[in-house]
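S.K.: See start22.txt below, with compact mmCIF, C-alpha atoms.
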# COMPACT_ATOMS: atom_id res chain seq x y z
CA MET P 1 -4.97 -10.47 20.15
CA ASP P 2 -6.96 -11.40 17.09
CA ALA P 3 -5.39 -9.24 14.39
CA LEU P 4 -8.70 -9.07 12.56
CA THR P 5 -10.08 -6.86 15.34
CA GLY P 6 -7.27 -4.28 15.24
CA GLU P 7 -8.60 -0.89 14.22
CA ILE P 8 -7.27 1.03 11.25
CA HIS P 9 -5.88 4.39 12.30
CA GLN P 10 -4.81 7.31 10.17
CA THR P 11 -1.41 8.41 11.39
CA ASP P 12 1.55 10.44 10.27
CA PRO P 13 4.13 8.36 8.37
CA SER P 14 6.77 9.86 10.67
CA ASP P 15 5.06 8.26 13.70
CA PRO P 16 7.87 6.29 15.41
CA ARG P 17 5.51 3.31 15.83
CA VAL P 18 5.47 2.76 12.05
CA ALA P 19 9.16 3.41 11.32
CA THR P 20 10.26 -0.23 11.41
CA LEU P 21 7.29 -1.30 9.26
CA ILE P 22 8.08 1.32 6.62
CA GLU P 23 11.75 0.30 6.72
CA ALA P 24 10.84 -3.41 6.36
CA HIS P 25 8.72 -2.54 3.31
CA LEU P 26 11.52 -0.48 1.74
CA THR P 27 14.09 -3.21 2.43
CA LEU P 28 11.88 -5.82 0.77
CA MET P 29 11.21 -3.59 -2.25
CA ARG P 30 14.92 -2.81 -2.68
CA ALA P 31 15.78 -6.51 -2.47
CA SER P 32 13.08 -7.46 -5.00
CA SER P 33 13.51 -4.86 -7.74
CA PRO P 34 16.32 -3.04 -9.52
CA ALA P 35 17.02 0.33 -7.88
CA CYS P 36 15.65 2.26 -10.87
CA SER P 37 12.30 0.48 -10.45
CA VAL P 38 11.72 0.87 -6.71
CA HIS P 39 8.79 3.25 -6.34
CA ALA P 40 8.12 2.67 -2.64
CA MET P 41 8.22 5.84 -0.58
CA ASP P 42 9.87 6.44 2.76
CA ALA P 43 8.11 8.42 5.50
CA ALA P 44 9.37 11.76 4.17
CA GLY P 45 8.26 10.90 0.63
CA LEU P 46 4.80 9.89 1.80
CA ALA P 47 4.46 13.14 3.76
CA GLU P 48 5.78 15.21 0.85
CA ALA P 49 3.26 13.56 -1.49
CA SER P 50 0.47 14.39 0.99
CA ALA P 51 -0.46 10.71 1.06
CA ARG P 52 -2.97 9.69 3.70
CA PHE P 53 -1.23 7.02 5.75
CA PHE P 54 -3.01 4.29 7.71
CA ALA P 55 -1.82 1.54 10.04
CA ILE P 56 -3.30 -1.33 12.02
CA PHE P 57 -1.75 -1.71 15.46
CA ASP P 58 -1.43 -4.48 18.01
CA ARG P 59 -0.84 -2.32 21.07
CA GLU P 60 2.11 -0.16 19.91
CA THR P 61 3.27 -2.50 17.13
CA ALA P 62 2.26 -1.56 13.60
CA MET P 63 1.10 -4.80 11.96
CA ALA P 64 0.02 -3.44 8.58
CA MET P 65 0.11 -0.21 6.63
CA GLY P 66 -1.24 1.39 3.51
CA ALA P 67 -1.34 4.84 2.00
CA LEU P 68 -3.49 6.67 -0.51
CA LYS P 69 -2.01 9.42 -2.65
CA ARG P 70 -4.30 11.75 -4.56
CA LEU P 71 -3.48 12.07 -8.24
CA GLY P 72 -4.82 14.67 -10.65
CA GLY P 73 -8.53 14.74 -11.35
CA SER P 74 -10.63 12.14 -9.59
CA ALA P 75 -7.95 9.49 -9.21
CA GLY P 76 -5.73 8.14 -6.47
CA GLU P 77 -2.83 5.77 -6.04
CA VAL P 78 -2.49 2.99 -3.49
CA LYS P 79 0.99 3.26 -1.96
CA SER P 80 3.00 1.31 0.61
CA MET P 81 0.74 -1.66 1.23
CA HIS P 82 2.62 -3.96 3.60
CA VAL P 83 1.84 -6.45 6.36
CA ARG P 84 4.56 -7.34 8.87
CA GLN P 85 5.64 -10.97 8.28
CA PRO P 86 4.39 -12.49 11.59
CA PHE P 87 0.90 -11.05 10.98
CA ARG P 88 0.39 -12.24 7.40
CA GLY P 89 -2.48 -14.59 6.61
CA ARG P 90 -4.91 -12.91 9.04
CA GLY P 91 -6.82 -10.77 6.56
CA LEU P 92 -5.05 -7.52 7.38
CA ALA P 93 -4.17 -6.74 3.77
CA ASP P 94 -7.80 -7.31 2.72
CA ARG P 95 -8.98 -4.95 5.45
CA MET P 96 -6.41 -2.29 4.64
CA LEU P 97 -7.13 -2.32 0.91
CA ALA P 98 -10.90 -2.18 1.52
CA HIS P 99 -10.29 0.78 3.83
CA LEU P 100 -8.16 2.61 1.25
CA ILE P 101 -10.86 2.08 -1.39
CA ASP P 102 -13.52 3.37 1.03
CA VAL P 103 -11.38 6.45 1.74
CA ALA P 104 -10.88 7.03 -1.98
CA ARG P 105 -14.62 6.81 -2.55
CA ALA P 106 -15.36 9.19 0.35
CA ASP P 107 -12.78 11.63 -1.04
CA GLY P 108 -14.56 11.68 -4.41
CA MET P 109 -12.08 9.55 -6.31
CA ALA P 110 -13.55 7.48 -9.14
CA ARG P 111 -10.50 5.34 -9.87
CA VAL P 112 -7.46 4.09 -7.98
CA PHE P 113 -4.20 2.97 -9.50
CA LEU P 114 -1.13 1.17 -8.21
CA GLU P 115 2.29 0.04 -9.31
CA THR P 116 3.78 -3.28 -8.29
CA GLY P 117 6.66 -5.39 -9.52
CA SER P 118 6.69 -7.71 -12.51
CA GLN P 119 9.17 -10.14 -10.92
CA PRO P 120 8.04 -13.56 -9.62
CA ALA P 121 8.37 -12.30 -6.02
CA PHE P 122 5.44 -9.96 -6.74
CA ALA P 123 3.11 -12.65 -8.16
CA PRO P 124 1.20 -12.95 -4.83
CA ALA P 125 0.71 -9.17 -4.76
CA ARG P 126 -0.57 -9.10 -8.34
CA ALA P 127 -2.97 -11.98 -7.60
CA PHE P 128 -4.15 -10.21 -4.42
CA TYR P 129 -4.95 -7.00 -6.29
CA MET P 130 -6.69 -8.91 -9.11
CA ARG P 131 -8.90 -10.65 -6.50
CA HIS P 132 -9.87 -7.17 -5.36
CA GLY P 133 -10.97 -5.96 -8.79
CA PHE P 134 -7.75 -4.45 -10.14
CA ALA P 135 -6.74 -5.07 -13.75
CA GLU P 136 -3.54 -4.25 -15.57
CA CYS P 137 -3.41 -0.85 -17.23
CA ALA P 138 -0.95 1.48 -18.92
CA PRO P 139 1.49 3.52 -16.84
CA PHE P 140 -0.34 6.34 -15.11
CA GLU P 141 0.51 9.77 -13.77
CA GLY P 142 4.21 10.08 -12.97
CA TYR P 143 5.24 6.68 -14.37
CA GLY P 144 6.62 5.59 -17.72
CA PRO P 145 6.94 2.16 -19.30
CA ASP P 146 9.08 -0.11 -17.13
CA PRO P 147 9.62 -3.84 -17.70
CA ASN P 148 10.02 -4.24 -13.92
CA SER P 149 6.62 -2.73 -13.16
CA VAL P 150 3.01 -3.79 -13.53
CA PHE P 151 0.43 -1.02 -13.41
CA MET P 152 -3.09 -1.76 -12.24
CA ALA P 153 -6.33 0.15 -11.75
CA ARG P 154 -9.92 -0.28 -10.63
CA ALA P 155 -13.01 1.82 -10.29
CA VAL P 156 -14.01 2.85 -6.79
The structure given in the file should be rewritten as structure tokens.
M.R.:
Amino acid sequence: MDALTGEIHQTDPSDPRVATLIEAHLTLMRASSPACSVHAMDAAGLAEASARFFAIFDRETAMAMGALKRLGGSAGEVKSMHVRQPFRGRGLADRMLAHLIDVARADGMARVFLETGSQPAFAPARAFYMRHGFAECAPFEGYGPDPNSVFMARAV
């Protein structure tokens, strides 16, 4: 299957089809950042935060995921962007981020924020978000200064 044709589906983060993808994301985040600076959410945390969760599937395998959490006012936060290793390089992250921005716009959000790591392992993620119009910003709602974090935002 051409991964670029997989549809993006809103699903519950507790959907068993996405469990291993969420766990892979959490494992990578925990291996890449000090414990006090891991802000990735598990399925329960995403549900508790009322984040809208999306996945791209190849049959029953979740290839990519992303979530959008509403913040106060007209802002949102991109959460849990991750593409399963064998499916990277096929444009899935581009499609997921574009979808999250479209959802934010449709939900009346004017700005979206995100937090990612400052370590070298996160350099590709920071470059990816910059290519998509994000720029570094100050810590936003719920975050404080953290040398292990880079905060970014863009208008929707």
S.K.: Atom CA of Phe128 of chain P and atom CA of Thr61 of chain P, how far apart in Å?
M.R.: 24.1 Å
S.K.: Anything within 12 Å of (10.9, -3.7, 10.0): list those residues as an MDAnalysis selection string, counting only C-alpha atoms and sticking to the file's coordinates.
M.R.: chainID P and resid 16:28 61:65 82:86
S.K.: Report, in Å to a single decimal, how far apart atom CA of Ala51 of chain P and atom CA of Leu114 of chain P are.
M.R.: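 Computing it gives 13.3 Å between the two atoms.
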S.K.: Calculate, to one decimal in Å, the centre and edge lengths of the box along x, y and z of the file that holds all listed atoms of segment 107-124 of chain P with 3 Å of margin on each side, and present them as JSON.
M.R.:
{"center_x": -2.7, "center_y": -0.9, "center_z": -6.8, "size_x": 29.7, "size_y": 31.2, "size_z": 17.5}
S.K.: Find, counting all atoms listed in the file, the residue in P:Tyr129, P:Phe122, P:Phe113, P:Phe87 that gets nearest to Arg70 of chain P.
M.R.: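 Of all the options, P:Phe113 lies closest to Arg70 of chain P.
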S.K.: Might you pull out every residue within 7 Å of segment 38-46 of chain P, with all atoms listed in the file counted and same-chain residues fewer than 6 positions away left off, and present them as a PyMOL selection string?
M.R.: chain P and resi 13-14+22+26+29-30+80
S.K.: Next, dump the selected residues to file, keeping only C-alpha atoms, as a short mmCIF file (atom, residue, chain, number, x, y, z; two decimals), in the frame of the given file.
M.R.:
data_model
loop_
_atom_site.label_atom_id
_atom_site.label_comp_id
_atom_site.auth_asym_id
_atom_site.auth_seq_id
_atom_site.Cartn_x
_atom_site.Cartn_y
_atom_site.Cartn_z
CA PRO P 13 4.13 8.36 8.37
CA SER P 14 6.77 9.86 10.67
CA ILE P 22 8.08 1.32 6.62
CA LEU P 26 11.52 -0.48 1.74
CA MET P 29 11.21 -3.59 -2.25
CA ARG P 30 14.92 -2.81 -2.68
CA SER P 80 3.00 1.31 0.61
#
S.K.: Mind checking which residues fall within 8 Å of Ser37 of chain P, counting all atoms listed in the file, ignoring those fewer than 2 positions away in the same chain, and posting them as a list in words?
M.R.: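 Skipping anything fewer than 2 positions along the chain leaves Ser33, Pro34, Ala35, His39, Asp146, Asn148 and Ser149 of chain P.
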S.K.: Please, could N, CA and C atoms be added to segment 74-102 of chain P and the result written as a CSV table (one decimal), keeping the file's coordinate frame?
M.R.:
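New file selection-v5.csv:
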chain,number,residue,atom,x,y,z
P,74,SER,N,-9.9,12.9,-10.6
P,74,SER,CA,-10.6,12.1,-9.6
P,74,SER,C,-10.0,10.8,-9.4
P,75,ALA,N,-8.7,10.8,-9.3
P,75,ALA,CA,-8.0,9.5,-9.2
P,75,ALA,C,-7.0,9.5,-8.0
P,76,GLY,N,-6.7,8.3,-7.6
P,76,GLY,CA,-5.7,8.1,-6.5
P,76,GLY,C,-4.8,7.0,-6.7
P,77,GLU,N,-3.8,6.9,-5.9
P,77,GLU,CA,-2.8,5.8,-6.0
P,77,GLU,C,-2.6,5.1,-4.7
P,78,VAL,N,-2.8,3.8,-4.7
P,78,VAL,CA,-2.5,3.0,-3.5
P,78,VAL,C,-1.0,2.9,-3.4
P,79,LYS,N,-0.5,3.3,-2.2
P,79,LYS,CA,1.0,3.3,-2.0
P,79,LYS,C,1.3,2.5,-0.7
P,80,SER,N,2.4,1.9,-0.6
P,80,SER,CA,3.0,1.3,0.6
P,80,SER,C,2.1,0.3,1.3
P,81,MET,N,1.5,-0.6,0.6
P,81,MET,CA,0.7,-1.7,1.2
P,81,MET,C,1.8,-2.7,1.7
P,82,HIS,N,1.7,-3.0,3.0
P,82,HIS,CA,2.6,-4.0,3.6
P,82,HIS,C,2.1,-4.5,4.9
P,83,VAL,N,2.2,-5.8,5.1
P,83,VAL,CA,1.8,-6.4,6.4
P,83,VAL,C,3.1,-7.1,6.9
P,84,ARG,N,3.4,-6.8,8.2
P,84,ARG,CA,4.6,-7.3,8.9
P,84,ARG,C,4.5,-8.9,8.8
P,85,GLN,N,5.6,-9.5,8.5
P,85,GLN,CA,5.6,-11.0,8.3
P,85,GLN,C,4.9,-11.8,9.3
P,86,PRO,N,5.1,-11.6,10.6
P,86,PRO,CA,4.4,-12.5,11.6
P,86,PRO,C,2.9,-12.4,11.6
P,87,PHE,N,2.3,-11.3,11.0
P,87,PHE,CA,0.9,-11.0,11.0
P,87,PHE,C,0.2,-11.4,9.7
P,88,ARG,N,1.0,-11.9,8.7
P,88,ARG,CA,0.4,-12.2,7.4
P,88,ARG,C,-0.6,-13.4,7.5
P,89,GLY,N,-1.5,-13.5,6.6
P,89,GLY,CA,-2.5,-14.6,6.6
P,89,GLY,C,-3.7,-14.4,7.5
P,90,ARG,N,-3.8,-13.2,8.1
P,90,ARG,CA,-4.9,-12.9,9.0
P,90,ARG,C,-6.0,-12.0,8.5
P,91,GLY,N,-5.8,-11.6,7.2
P,91,GLY,CA,-6.8,-10.8,6.6
P,91,GLY,C,-6.5,-9.3,6.7
P,92,LEU,N,-5.4,-8.9,7.2
P,92,LEU,CA,-5.0,-7.5,7.4
P,92,LEU,C,-4.9,-6.8,6.1
P,93,ALA,N,-4.3,-7.4,5.1
P,93,ALA,CA,-4.2,-6.7,3.8
P,93,ALA,C,-5.5,-6.5,3.1
P,94,ASP,N,-6.4,-7.5,3.3
P,94,ASP,CA,-7.8,-7.3,2.7
P,94,ASP,C,-8.5,-6.1,3.4
P,95,ARG,N,-8.3,-6.0,4.7
P,95,ARG,CA,-9.0,-5.0,5.4
P,95,ARG,C,-8.4,-3.6,5.1
P,96,MET,N,-7.1,-3.6,5.0
P,96,MET,CA,-6.4,-2.3,4.6
P,96,MET,C,-6.8,-1.8,3.2
P,97,LEU,N,-6.8,-2.7,2.3
P,97,LEU,CA,-7.1,-2.3,0.9
P,97,LEU,C,-8.6,-1.9,0.8
P,98,ALA,N,-9.5,-2.6,1.5
P,98,ALA,CA,-10.9,-2.2,1.5
P,98,ALA,C,-11.0,-0.8,2.1
P,99,HIS,N,-10.3,-0.5,3.2
P,99,HIS,CA,-10.3,0.8,3.8
P,99,HIS,C,-9.8,1.9,2.9
P,100,LEU,N,-8.7,1.6,2.2
P,100,LEU,CA,-8.2,2.6,1.2
P,100,LEU,C,-9.2,2.9,0.1
P,101,ILE,N,-9.8,1.9,-0.3
P,101,ILE,CA,-10.9,2.1,-1.4
P,101,ILE,C,-12.0,2.9,-0.8
P,102,ASP,N,-12.4,2.6,0.4
P,102,ASP,CA,-13.5,3.4,1.0
P,102,ASP,C,-13.1,4.8,1.2
